[in-house]
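> My structure file target30.pdb, PDB, C-alpha atoms and all ligand atoms, is below:
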ATOM      1  CA  MET A 897     188.055  71.464  46.085  1.00  0.00           C
ATOM      2  CA  ASN A 898     184.381  72.408  46.317  1.00  0.00           C
ATOM      3  CA  GLU A 899     183.380  73.617  42.825  1.00  0.00           C
ATOM      4  CA  GLU A 900     181.508  76.701  44.073  1.00  0.00           C
ATOM      5  CA  LEU A 901     184.512  77.886  46.084  1.00  0.00           C
ATOM      6  CA  LEU A 902     186.854  77.187  43.178  1.00  0.00           C
ATOM      7  CA  GLN A 903     184.745  79.380  40.881  1.00  0.00           C
ATOM      8  CA  ILE A 904     184.706  82.168  43.502  1.00  0.00           C
ATOM      9  CA  ALA A 905     188.499  81.960  43.867  1.00  0.00           C
ATOM     10  CA  LYS A 906     188.968  82.087  40.091  1.00  0.00           C
ATOM     11  CA  ALA A 907     186.619  85.073  39.730  1.00  0.00           C
ATOM     12  CA  THR A 908     188.244  87.103  42.522  1.00  0.00           C
ATOM     13  CA  LYS A 909     190.692  89.889  41.646  1.00  0.00           C
ATOM     14  CA  GLY A 910     194.228  89.051  42.630  1.00  0.00           C
ATOM     15  CA  PHE A 911     197.617  87.604  41.924  1.00  0.00           C
ATOM     16  CA  MET A 912     197.213  83.841  42.300  1.00  0.00           C
ATOM     17  CA  PRO A 913     197.339  81.570  39.215  1.00  0.00           C
ATOM     18  CA  ASP A 914     194.959  78.586  39.340  1.00  0.00           C
ATOM     19  CA  ASP A 915     197.669  75.910  39.658  1.00  0.00           C
ATOM     20  CA  GLU A 916     199.392  77.733  42.520  1.00  0.00           C
ATOM     21  CA  GLY A 917     196.032  78.299  44.214  1.00  0.00           C
ATOM     22  CA  MET A 918     195.270  74.582  43.990  1.00  0.00           C
ATOM     23  CA  ALA A 919     198.700  73.850  45.487  1.00  0.00           C
ATOM     24  CA  LEU A 920     197.836  76.152  48.417  1.00  0.00           C
ATOM     25  CA  TYR A 921     194.584  74.251  48.944  1.00  0.00           C
ATOM     26  CA  ASN A 922     196.145  70.777  48.666  1.00  0.00           C
ATOM     27  CA  TYR A 923     199.114  71.524  50.940  1.00  0.00           C
ATOM     28  CA  ALA A 924     196.852  73.200  53.514  1.00  0.00           C
ATOM     29  CA  LEU A 925     194.429  70.259  53.477  1.00  0.00           C
ATOM     30  CA  ASP A 926     197.246  67.778  53.904  1.00  0.00           C
ATOM     31  CA  MET A 927     198.869  69.810  56.691  1.00  0.00           C
ATOM     32  CA  LEU A 928     195.626  70.308  58.624  1.00  0.00           C
ATOM     33  CA  SER A 929     194.860  66.581  58.478  1.00  0.00           C
ATOM     34  CA  MET A 930     197.921  66.192  60.746  1.00  0.00           C
ATOM     35  CA  SER A 931     197.586  69.351  62.866  1.00  0.00           C
ATOM     36  CA  ARG A 932     194.656  71.731  63.265  1.00  0.00           C
ATOM     37  CA  SER A 933     196.826  74.615  64.498  1.00  0.00           C
ATOM     38  CA  PRO A 934     195.838  77.855  62.766  1.00  0.00           C
ATOM     39  CA  MET A 935     197.338  79.004  59.486  1.00  0.00           C
ATOM     40  CA  ILE A 936     198.637  82.514  58.757  1.00  0.00           C
ATOM     41  CA  GLU A 937     198.410  84.302  55.431  1.00  0.00           C
ATOM     42  CA  ILE A 938     200.254  87.591  54.902  1.00  0.00           C
ATOM     43  CA  GLY A 939     198.701  89.528  52.004  1.00  0.00           C
ATOM     44  CA  SER A 940     194.915  89.054  51.752  1.00  0.00           C
ATOM     45  CA  TYR A 941     194.307  91.678  49.000  1.00  0.00           C
ATOM     46  CA  CYS A 942     190.772  90.830  47.692  1.00  0.00           C
ATOM     47  CA  GLY A 943     190.727  87.297  49.130  1.00  0.00           C
ATOM     48  CA  LYS A 944     191.777  85.162  46.168  1.00  0.00           C
ATOM     49  CA  SER A 945     194.440  83.042  47.925  1.00  0.00           C
ATOM     50  CA  SER A 946     192.378  83.231  51.146  1.00  0.00           C
ATOM     51  CA  VAL A 947     189.577  81.237  49.461  1.00  0.00           C
ATOM     52  CA  TYR A 948     191.963  78.400  48.530  1.00  0.00           C
ATOM     53  CA  LEU A 949     193.443  78.271  52.055  1.00  0.00           C
ATOM     54  CA  GLY A 950     190.096  78.964  53.722  1.00  0.00           C
ATOM     55  CA  ALA A 951     188.425  76.088  51.851  1.00  0.00           C
ATOM     56  CA  ALA A 952     190.964  73.713  53.409  1.00  0.00           C
ATOM     57  CA  ALA A 953     190.531  75.329  56.849  1.00  0.00           C
ATOM     58  CA  LYS A 954     186.754  74.827  56.669  1.00  0.00           C
ATOM     59  CA  GLU A 955     187.040  71.176  55.606  1.00  0.00           C
ATOM     60  CA  GLN A 956     189.471  70.434  58.427  1.00  0.00           C
ATOM     61  CA  ARG A 957     187.755  72.626  61.063  1.00  0.00           C
ATOM     62  CA  SER A 958     190.723  74.923  61.520  1.00  0.00           C
ATOM     63  CA  VAL A 959     191.150  78.652  60.797  1.00  0.00           C
ATOM     64  CA  LEU A 960     193.158  80.947  58.594  1.00  0.00           C
ATOM     65  CA  PHE A 961     194.196  84.318  60.014  1.00  0.00           C
ATOM     66  CA  SER A 962     194.606  86.522  56.951  1.00  0.00           C
ATOM     67  CA  ILE A 963     196.683  89.650  57.619  1.00  0.00           C
ATOM     68  CA  ASP A 964     196.676  92.830  55.529  1.00  0.00           C
ATOM     69  CA  HIS A 965     196.488  96.563  56.228  1.00  0.00           C
ATOM     70  CA  HIS A 966     194.343  96.650  53.041  1.00  0.00           C
ATOM     71  CA  ARG A 967     196.092  99.778  51.751  1.00  0.00           C
ATOM     72  CA  GLY A 968     198.017  97.940  49.029  1.00  0.00           C
ATOM     73  CA  SER A 969     201.735  97.406  48.545  1.00  0.00           C
ATOM     74  CA  GLU A 970     204.064  99.962  46.986  1.00  0.00           C
ATOM     75  CA  GLU A 971     203.527  98.513  43.489  1.00  0.00           C
ATOM     76  CA  ASN A 972     199.702  98.832  43.866  1.00  0.00           C
ATOM     77  CA  GLN A 973     199.741 102.587  44.471  1.00  0.00           C
ATOM     78  CA  LEU A 974     198.688 105.218  41.920  1.00  0.00           C
ATOM     79  CA  GLY A 975     201.129 105.372  39.006  1.00  0.00           C
ATOM     80  CA  TRP A 976     202.745 101.988  39.749  1.00  0.00           C
ATOM     81  CA  GLU A 977     202.750  98.807  37.665  1.00  0.00           C
ATOM     82  CA  HIS A 978     200.097  96.836  39.583  1.00  0.00           C
ATOM     83  CA  HIS A 979     197.683  99.706  40.293  1.00  0.00           C
ATOM     84  CA  ASP A 980     193.961  98.958  39.931  1.00  0.00           C
ATOM     85  CA  PRO A 981     191.901 102.190  39.653  1.00  0.00           C
ATOM     86  CA  GLU A 982     188.748 100.333  40.797  1.00  0.00           C
ATOM     87  CA  LEU A 983     190.401  99.816  44.204  1.00  0.00           C
ATOM     88  CA  TYR A 984     191.646 103.384  44.637  1.00  0.00           C
ATOM     89  CA  ASP A 985     190.154 105.556  47.389  1.00  0.00           C
ATOM     90  CA  PRO A 986     190.640 109.234  46.474  1.00  0.00           C
ATOM     91  CA  THR A 987     189.954 110.295  50.093  1.00  0.00           C
ATOM     92  CA  THR A 988     192.937 108.433  51.531  1.00  0.00           C
ATOM     93  CA  GLU A 989     194.826 108.465  48.197  1.00  0.00           C
ATOM     94  CA  LYS A 990     195.537 104.783  48.823  1.00  0.00           C
ATOM     95  CA  LEU A 991     194.101 101.433  47.834  1.00  0.00           C
ATOM     96  CA  GLU A 992     191.149 100.077  49.833  1.00  0.00           C
ATOM     97  CA  THR A 993     190.751  96.310  49.485  1.00  0.00           C
ATOM     98  CA  LEU A 994     188.929  95.466  52.738  1.00  0.00           C
ATOM     99  CA  PRO A 995     185.315  95.753  51.385  1.00  0.00           C
ATOM    100  CA  LEU A 996     186.106  93.448  48.461  1.00  0.00           C
ATOM    101  CA  PHE A 997     187.947  91.002  50.732  1.00  0.00           C
ATOM    102  CA  ARG A 998     184.948  90.811  53.072  1.00  0.00           C
ATOM    103  CA  LYS A 999     182.569  90.340  50.154  1.00  0.00           C
ATOM    104  CA  THR A1000     184.691  87.468  48.779  1.00  0.00           C
ATOM    105  CA  ILE A1001     184.838  85.681  52.135  1.00  0.00           C
ATOM    106  CA  THR A1002     181.104  86.066  52.784  1.00  0.00           C
ATOM    107  CA  LEU A1003     180.150  84.917  49.261  1.00  0.00           C
ATOM    108  CA  ALA A1004     182.382  81.873  49.793  1.00  0.00           C
ATOM    109  CA  LYS A1005     180.661  81.209  53.164  1.00  0.00           C
ATOM    110  CA  LEU A1006     184.046  81.249  54.858  1.00  0.00           C
ATOM    111  CA  ASP A1007     183.354  83.838  57.599  1.00  0.00           C
ATOM    112  CA  GLU A1008     183.898  81.224  60.338  1.00  0.00           C
ATOM    113  CA  SER A1009     187.088  79.863  58.748  1.00  0.00           C
ATOM    114  CA  VAL A1010     188.905  82.994  57.539  1.00  0.00           C
ATOM    115  CA  ILE A1011     189.572  85.663  60.155  1.00  0.00           C
ATOM    116  CA  ALA A1012     190.656  89.065  58.828  1.00  0.00           C
ATOM    117  CA  VAL A1013     193.455  90.703  60.785  1.00  0.00           C
ATOM    118  CA  ILE A1014     193.754  94.315  59.696  1.00  0.00           C
ATOM    119  CA  GLY A1015     197.130  95.902  60.306  1.00  0.00           C
ATOM    120  CA  ASN A1016     200.822  95.832  59.585  1.00  0.00           C
ATOM    121  CA  SER A1017     201.982  92.200  59.491  1.00  0.00           C
ATOM    122  CA  LYS A1018     205.173  92.928  61.398  1.00  0.00           C
ATOM    123  CA  THR A1019     203.354  94.751  64.199  1.00  0.00           C
ATOM    124  CA  VAL A1020     200.922  91.830  64.543  1.00  0.00           C
ATOM    125  CA  SER A1021     203.812  89.338  64.677  1.00  0.00           C
ATOM    126  CA  ARG A1022     205.274  91.136  67.693  1.00  0.00           C
ATOM    127  CA  TYR A1023     202.146  90.298  69.726  1.00  0.00           C
ATOM    128  CA  TRP A1024     201.563  86.770  68.396  1.00  0.00           C
ATOM    129  CA  ASN A1025     202.472  83.682  70.456  1.00  0.00           C
ATOM    130  CA  ILE A1026     200.472  80.722  69.085  1.00  0.00           C
ATOM    131  CA  PRO A1027     202.109  77.846  67.142  1.00  0.00           C
ATOM    132  CA  ILE A1028     200.968  77.740  63.520  1.00  0.00           C
ATOM    133  CA  SER A1029     200.731  74.850  61.076  1.00  0.00           C
ATOM    134  CA  LEU A1030     201.285  76.839  57.870  1.00  0.00           C
ATOM    135  CA  LEU A1031     202.625  80.284  56.956  1.00  0.00           C
ATOM    136  CA  PHE A1032     201.957  81.771  53.523  1.00  0.00           C
ATOM    137  CA  ILE A1033     204.018  84.880  52.708  1.00  0.00           C
ATOM    138  CA  ASP A1034     202.548  87.102  49.971  1.00  0.00           C
ATOM    139  CA  GLY A1035     202.637  90.599  51.504  1.00  0.00           C
ATOM    140  CA  GLY A1036     204.928  93.509  50.615  1.00  0.00           C
ATOM    141  CA  HIS A1037     207.524  92.515  48.026  1.00  0.00           C
ATOM    142  CA  SER A1038     210.365  94.884  49.021  1.00  0.00           C
ATOM    143  CA  LEU A1039     213.284  93.224  50.816  1.00  0.00           C
ATOM    144  CA  PHE A1040     212.421  95.065  54.040  1.00  0.00           C
ATOM    145  CA  GLU A1041     208.789  93.896  53.961  1.00  0.00           C
ATOM    146  CA  ALA A1042     209.330  90.313  52.766  1.00  0.00           C
ATOM    147  CA  MET A1043     212.297  89.601  55.058  1.00  0.00           C
ATOM    148  CA  GLY A1044     210.476  91.279  57.968  1.00  0.00           C
ATOM    149  CA  ASP A1045     207.538  88.915  57.432  1.00  0.00           C
ATOM    150  CA  TYR A1046     209.839  85.898  57.347  1.00  0.00           C
ATOM    151  CA  LEU A1047     211.769  86.953  60.464  1.00  0.00           C
ATOM    152  CA  GLY A1048     208.637  87.977  62.363  1.00  0.00           C
ATOM    153  CA  TRP A1049     206.496  84.951  61.578  1.00  0.00           C
ATOM    154  CA  SER A1050     208.582  81.870  60.710  1.00  0.00           C
ATOM    155  CA  GLN A1051     209.477  81.286  64.387  1.00  0.00           C
ATOM    156  CA  PHE A1052     205.831  80.305  65.050  1.00  0.00           C
ATOM    157  CA  ILE A1053     205.705  77.460  62.508  1.00  0.00           C
ATOM    158  CA  GLN A1054     205.589  74.191  64.390  1.00  0.00           C
ATOM    159  CA  ARG A1055     207.860  71.250  63.564  1.00  0.00           C
ATOM    160  CA  ASP A1056     206.875  69.607  60.247  1.00  0.00           C
ATOM    161  CA  GLY A1057     204.725  72.669  59.499  1.00  0.00           C
ATOM    162  CA  LEU A1058     204.824  74.435  56.142  1.00  0.00           C
ATOM    163  CA  LEU A1059     206.244  77.716  54.876  1.00  0.00           C
ATOM    164  CA  LEU A1060     204.926  78.797  51.467  1.00  0.00           C
ATOM    165  CA  ILE A1061     206.508  81.763  49.703  1.00  0.00           C
ATOM    166  CA  HIS A1062     204.885  83.366  46.676  1.00  0.00           C
ATOM    167  CA  ASP A1063     206.527  85.100  43.682  1.00  0.00           C
ATOM    168  CA  VAL A1064     209.940  83.472  44.068  1.00  0.00           C
ATOM    169  CA  PHE A1065     211.969  84.374  40.971  1.00  0.00           C
ATOM    170  CA  GLU A1066     215.712  83.869  40.845  1.00  0.00           C
ATOM    171  CA  ASP A1067     215.878  85.816  37.590  1.00  0.00           C
ATOM    172  CA  GLU A1068     215.229  89.483  38.359  1.00  0.00           C
ATOM    173  CA  SER A1069     213.749  90.097  34.891  1.00  0.00           C
ATOM    174  CA  GLN A1070     210.753  87.886  35.865  1.00  0.00           C
ATOM    175  CA  GLY A1071     209.913  89.744  39.102  1.00  0.00           C
ATOM    176  CA  GLY A1072     211.394  91.340  42.214  1.00  0.00           C
ATOM    177  CA  ARG A1073     214.111  89.360  43.998  1.00  0.00           C
ATOM    178  CA  ALA A1074     212.964  89.846  47.619  1.00  0.00           C
ATOM    179  CA  PRO A1075     210.856  86.655  47.861  1.00  0.00           C
ATOM    180  CA  TYR A1076     213.801  84.749  46.389  1.00  0.00           C
ATOM    181  CA  GLU A1077     216.102  86.242  49.054  1.00  0.00           C
ATOM    182  CA  VAL A1078     213.621  85.031  51.695  1.00  0.00           C
ATOM    183  CA  PHE A1079     213.644  81.559  50.143  1.00  0.00           C
ATOM    184  CA  VAL A1080     217.475  81.503  50.247  1.00  0.00           C
ATOM    185  CA  ALA A1081     217.492  82.730  53.858  1.00  0.00           C
ATOM    186  CA  ALA A1082     215.013  80.013  54.877  1.00  0.00           C
ATOM    187  CA  THR A1083     216.798  77.112  53.153  1.00  0.00           C
ATOM    188  CA  SER A1084     220.264  78.210  54.293  1.00  0.00           C
ATOM    189  CA  SER A1085     219.047  78.589  57.905  1.00  0.00           C
ATOM    190  CA  LYS A1086     218.806  74.763  58.055  1.00  0.00           C
ATOM    191  CA  SER A1087     215.417  75.193  59.725  1.00  0.00           C
ATOM    192  CA  PHE A1088     213.546  74.566  56.463  1.00  0.00           C
ATOM    193  CA  LYS A1089     213.820  72.133  53.591  1.00  0.00           C
ATOM    194  CA  GLU A1090     212.372  72.761  50.112  1.00  0.00           C
ATOM    195  CA  ILE A1091     209.796  70.115  49.215  1.00  0.00           C
ATOM    196  CA  ASP A1092     208.059  71.480  46.101  1.00  0.00           C
ATOM    197  CA  THR A1093     207.825  74.275  43.545  1.00  0.00           C
ATOM    198  CA  VAL A1094     204.590  75.127  41.699  1.00  0.00           C
ATOM    199  CA  GLY A1095     205.104  78.073  39.344  1.00  0.00           C
ATOM    200  CA  SER A1096     206.518  80.844  41.523  1.00  0.00           C
ATOM    201  CA  LEU A1097     205.284  79.185  44.726  1.00  0.00           C
ATOM    202  CA  LYS A1098     207.928  77.522  46.910  1.00  0.00           C
ATOM    203  CA  VAL A1099     206.858  74.987  49.506  1.00  0.00           C
ATOM    204  CA  LEU A1100     209.181  74.355  52.473  1.00  0.00           C
ATOM    205  CA  LYS A1101     208.891  72.101  55.495  1.00  0.00           C
ATOM    206  CA  LYS A1102     210.037  73.148  58.990  1.00  0.00           C
ATOM    207  CA  LEU A1103     212.661  70.727  60.311  1.00  0.00           C
TER     208      LEU A1103
HETATM  209  C1  LIG A1201     200.462  90.643  46.294  1.00  0.00           C
HETATM  210  S1  LIG A1201     199.149  91.240  47.270  1.00  0.00           S
HETATM  211  C2  LIG A1201     198.463  89.731  47.913  1.00  0.00           C
HETATM  212  C3  LIG A1201     197.767  88.947  46.850  1.00  0.00           C
HETATM  213  C4  LIG A1201     196.851  87.854  47.353  1.00  0.00           C
HETATM  214  N1  LIG A1201     197.534  86.886  48.183  1.00  0.00           N
HETATM  215  C5  LIG A1201     196.119  87.183  46.204  1.00  0.00           C
HETATM  216  O1  LIG A1201     195.992  85.944  46.201  1.00  0.00           O
HETATM  217  O2  LIG A1201     195.665  87.878  45.303  1.00  0.00           O
HETATM  218  C6  LIG A1201     200.028  91.901  48.655  1.00  0.00           C
HETATM  219  C7  LIG A1201     199.162  92.428  49.773  1.00  0.00           C
HETATM  220  O3  LIG A1201     200.022  92.647  50.901  1.00  0.00           O
HETATM  221  C8  LIG A1201     199.563  93.775  51.628  1.00  0.00           C
HETATM  222  N2  LIG A1201     200.682  94.301  52.409  1.00  0.00           N
HETATM  223  C9  LIG A1201     201.845  94.840  51.947  1.00  0.00           C
HETATM  224  N3  LIG A1201     202.655  95.169  52.971  1.00  0.00           N
HETATM  225  C10 LIG A1201     201.980  94.846  54.109  1.00  0.00           C
HETATM  226  C11 LIG A1201     202.283  94.971  55.509  1.00  0.00           C
HETATM  227  N4  LIG A1201     203.450  95.465  55.949  1.00  0.00           N
HETATM  228  N5  LIG A1201     201.360  94.554  56.400  1.00  0.00           N
HETATM  229  C12 LIG A1201     200.166  94.053  55.983  1.00  0.00           C
HETATM  230  N6  LIG A1201     199.837  93.901  54.679  1.00  0.00           N
HETATM  231  C13 LIG A1201     200.725  94.305  53.754  1.00  0.00           C
HETATM  232  C14 LIG A1201     199.042  94.722  50.573  1.00  0.00           C
HETATM  233  O4  LIG A1201     198.096  95.614  51.129  1.00  0.00           O
HETATM  234  C15 LIG A1201     198.464  93.774  49.516  1.00  0.00           C
HETATM  235  O5  LIG A1201     197.078  93.623  49.666  1.00  0.00           O
END
Can the structure from this file be put into structure tokens for me?
Ligand SMILES: C[S@@+](CC[C@H](N)C(=O)[O-])C[C@H]1O[C@@H](n2cnc3c(N)ncnc32)[C@H](O)[C@@H]1O

Amino acid sequence: MNEELLQIAKATKGFMPDDEGMALYNYALDMLSMSRSPMIEIGSYCGKSSVYLGAAAKEQRSVLFSIDHHRGSEENQLGWEHHDPELYDPTTEKLETLPLFRKTITLAKLDESVIAVIGNSKTVSRYWNIPISLLFIDGGHSLFEAMGDYLGWSQFIQRDGLLLIHDVFEDESQGGRAPYEVFVAATSSKSFKEIDTVGSLKVLKKL
């Protein structure tokens, strides 16, 4: 991966360890060398994972649609475990990550490769109808949110396309179980097969 983009990804606020970020980049690059259909990311936050996926999109002349309402998940709100006071907007009493996301993407020179979609991921999925090469799920981590993203978006992944799920922990003491429940739903549906695990990132192929 381009060294400048790698340094930007590493310096960006977020929840993506370096090895998992590199796995996002490598799987996206590989996928887009076979199909240039767009990729979807759910959960942009400040753009950390978007830089890894966007770098691959730029190299392969495809695009990443990165979806987020930019108001933070439940666990990012005031008083919760993953709250960041620097991202808090006292006017709305919610998080506001859109300015930082836009800054990250512009600094990385990825404005033509990463398209911000601002809104509720499930609402957007109801109006979407384009086949996608790769879906990365890293939005809300409640069962309602995570399963809603899987049910709303996985139908658009083309054959041999990829589904990547972040924060998959079987053991509840390591993190919430919702992404794991999504992983179980996907593998038991017989529509997806697990092909790799990098940290908490599961990589599945659409059959
Ligand atoms: C864990 S963070 C994403 C981290 C990011 N991928 C990174 O690499 O740092 C989850 C994001 O999902 C967004 N989110 C949660 N529920 C959502 C929903 N229903 N629709 C759109 N975005 C949502 C939050 O605003 C938050 O920015």
> Show me which residues line ligand LIG 1201 (chain A), defined as having an atom within 9 Å of a ligand atom where all atoms listed in the file count, and present them as an mmCIF file with C-alpha atoms, in the frame of the given file.

data_model
loop_
_atom_site.group_PDB
_atom_site.id
_atom_site.type_symbol
_atom_site.label_atom_id
_atom_site.label_comp_id
_atom_site.auth_asym_id
_atom_site.auth_seq_id
_atom_site.Cartn_x
_atom_site.Cartn_y
_atom_site.Cartn_z
ATOM 1 C CA ALA A 905 188.499 81.960 43.867
ATOM 2 C CA THR A 908 188.244 87.103 42.522
ATOM 3 C CA LYS A 909 190.692 89.889 41.646
ATOM 4 C CA GLY A 910 194.228 89.051 42.630
ATOM 5 C CA PHE A 911 197.617 87.604 41.924
ATOM 6 C CA MET A 912 197.213 83.841 42.300
ATOM 7 C CA PRO A 913 197.339 81.570 39.215
ATOM 8 C CA GLY A 917 196.032 78.299 44.214
ATOM 9 C CA GLU A 937 198.410 84.302 55.431
ATOM 10 C CA ILE A 938 200.254 87.591 54.902
ATOM 11 C CA GLY A 939 198.701 89.528 52.004
ATOM 12 C CA SER A 940 194.915 89.054 51.752
ATOM 13 C CA TYR A 941 194.307 91.678 49.000
ATOM 14 C CA CYS A 942 190.772 90.830 47.692
ATOM 15 C CA GLY A 943 190.727 87.297 49.130
ATOM 16 C CA LYS A 944 191.777 85.162 46.168
ATOM 17 C CA SER A 945 194.440 83.042 47.925
ATOM 18 C CA SER A 946 192.378 83.231 51.146
ATOM 19 C CA VAL A 947 189.577 81.237 49.461
ATOM 20 C CA TYR A 948 191.963 78.400 48.530
ATOM 21 C CA ILE A 963 196.683 89.650 57.619
ATOM 22 C CA ASP A 964 196.676 92.830 55.529
ATOM 23 C CA HIS A 965 196.488 96.563 56.228
ATOM 24 C CA HIS A 966 194.343 96.650 53.041
ATOM 25 C CA ARG A 967 196.092 99.778 51.751
ATOM 26 C CA GLY A 968 198.017 97.940 49.029
ATOM 27 C CA SER A 969 201.735 97.406 48.545
ATOM 28 C CA GLU A 970 204.064 99.962 46.986
ATOM 29 C CA GLU A 971 203.527 98.513 43.489
ATOM 30 C CA ASN A 972 199.702 98.832 43.866
ATOM 31 C CA LEU A 991 194.101 101.433 47.834
ATOM 32 C CA GLU A 992 191.149 100.077 49.833
ATOM 33 C CA THR A 993 190.751 96.310 49.485
ATOM 34 C CA LEU A 994 188.929 95.466 52.738
ATOM 35 C CA VAL A 1013 193.455 90.703 60.785
ATOM 36 C CA ILE A 1014 193.754 94.315 59.696
ATOM 37 C CA GLY A 1015 197.130 95.902 60.306
ATOM 38 C CA ASN A 1016 200.822 95.832 59.585
ATOM 39 C CA SER A 1017 201.982 92.200 59.491
ATOM 40 C CA LYS A 1018 205.173 92.928 61.398
ATOM 41 C CA THR A 1019 203.354 94.751 64.199
ATOM 42 C CA VAL A 1020 200.922 91.830 64.543
ATOM 43 C CA PHE A 1032 201.957 81.771 53.523
ATOM 44 C CA ILE A 1033 204.018 84.880 52.708
ATOM 45 C CA ASP A 1034 202.548 87.102 49.971
ATOM 46 C CA GLY A 1035 202.637 90.599 51.504
ATOM 47 C CA GLY A 1036 204.928 93.509 50.615
ATOM 48 C CA HIS A 1037 207.524 92.515 48.026
ATOM 49 C CA SER A 1038 210.365 94.884 49.021
ATOM 50 C CA GLU A 1041 208.789 93.896 53.961
ATOM 51 C CA ALA A 1042 209.330 90.313 52.766
ATOM 52 C CA GLY A 1044 210.476 91.279 57.968
ATOM 53 C CA ASP A 1045 207.538 88.915 57.432
ATOM 54 C CA HIS A 1062 204.885 83.366 46.676
ATOM 55 C CA ASP A 1063 206.527 85.100 43.682
#
> Measuring atom to atom with all atoms listed in the file, identify which of A:Ser1009, A:Thr1083, A:Ser1069, A:Thr988 is nearest to Tyr1046 in chain A.
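Checking each of A:Ser1009, A:Thr1083, A:Ser1069, A:Thr988 against Tyr1046 in chain A, counting all atoms listed in the file, the winner is A:Thr1083.
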> Which value, in Å to one decimal, gives the distance between CA of Asp1067 in chain A and CA of Lys1098 in chain A?
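Value for the CA of Asp1067 in chain A-CA of Lys1098 in chain A distance: 14.8 Å.
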> Just say which residues the PyMOL selection byres (((chain A and resi 1088-1097) around 7) and not hetatm) picks in this file, as an MDAnalysis selection string.
chainID A and resid 916 1060:1065 1082:1083 1085:1087 1098:1103
> Go ahead and compute the interatomic distance for CA of Leu1003 in chain A and CA of Glu900 in chain A, in Å to one decimal.
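Answer for the CA of Leu1003 in chain A to CA of Glu900 in chain A separation: 9.8 Å.
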> As lines of an AutoDock Vina configuration file, please: the centre and edge lengths in Å, to one decimal, of an axis-aligned box enclosing every listed atom of range 916-928 of chain A with 6 Å added on each side.

center_x = 196.9
center_y = 73.0
center_z = 50.6
size_x = 17.0
size_y = 22.5
size_z = 28.1
> What does the structure give for the distance between CA of Asp926 in chain A and CA of Ile1053 in chain A, in Å to one decimal?
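Distance reported for this atom pair: 15.5 Å.
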> I'd like to see the residues matched by the PyMOL selection byres (((chain A and resi 1029) around 8) and not hetatm) on this file, and ideally I'd get them as an mmCIF file with C-alpha atoms, in the frame of the given file.

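This is the output file result_15.cif:
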data_model
loop_
_atom_site.group_PDB
_atom_site.id
_atom_site.type_symbol
_atom_site.label_atom_id
_atom_site.label_comp_id
_atom_site.auth_asym_id
_atom_site.auth_seq_id
_atom_site.Cartn_x
_atom_site.Cartn_y
_atom_site.Cartn_z
ATOM 1 C CA MET A 927 198.869 69.810 56.691
ATOM 2 C CA LEU A 928 195.626 70.308 58.624
ATOM 3 C CA SER A 931 197.586 69.351 62.866
ATOM 4 C CA ARG A 932 194.656 71.731 63.265
ATOM 5 C CA SER A 933 196.826 74.615 64.498
ATOM 6 C CA PRO A 934 195.838 77.855 62.766
ATOM 7 C CA MET A 935 197.338 79.004 59.486
ATOM 8 C CA PRO A 1027 202.109 77.846 67.142
ATOM 9 C CA ILE A 1028 200.968 77.740 63.520
ATOM 10 C CA LEU A 1030 201.285 76.839 57.870
ATOM 11 C CA LEU A 1031 202.625 80.284 56.956
ATOM 12 C CA ILE A 1053 205.705 77.460 62.508
ATOM 13 C CA GLN A 1054 205.589 74.191 64.390
ATOM 14 C CA GLY A 1057 204.725 72.669 59.499
ATOM 15 C CA LEU A 1058 204.824 74.435 56.142
#
> Between A:Lys999, A:Arg957, A:Lys906, A:His979, which residue has the minimum interatomic distance to Met918 in chain A, considering only C-alpha atoms?
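That would be A:Lys906, the residue with the smallest distance to Met918 in chain A.
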> Please evaluate the PyMOL selection byres (((chain A and resi 952) around 10) and not hetatm) against the displayed coordinates and give the resulting residues as a list of chain:residue names.
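Matching residues under the PyMOL selection byres (((chain A and resi 952) around 10) and not hetatm) are A:Met897, A:Asn898, A:Leu920, A:Tyr921, A:Asn922, A:Tyr923, A:Ala924, A:Leu925, A:Asp926, A:Met927, A:Leu928, A:Ser929, A:Ser946, A:Val947, A:Tyr948, A:Leu949, A:Gly950, A:Ala951, A:Ala953, A:Lys954, A:Glu955, A:Gln956, A:Arg957, A:Ser958, A:Val959, A:Leu960, A:Ser1009.
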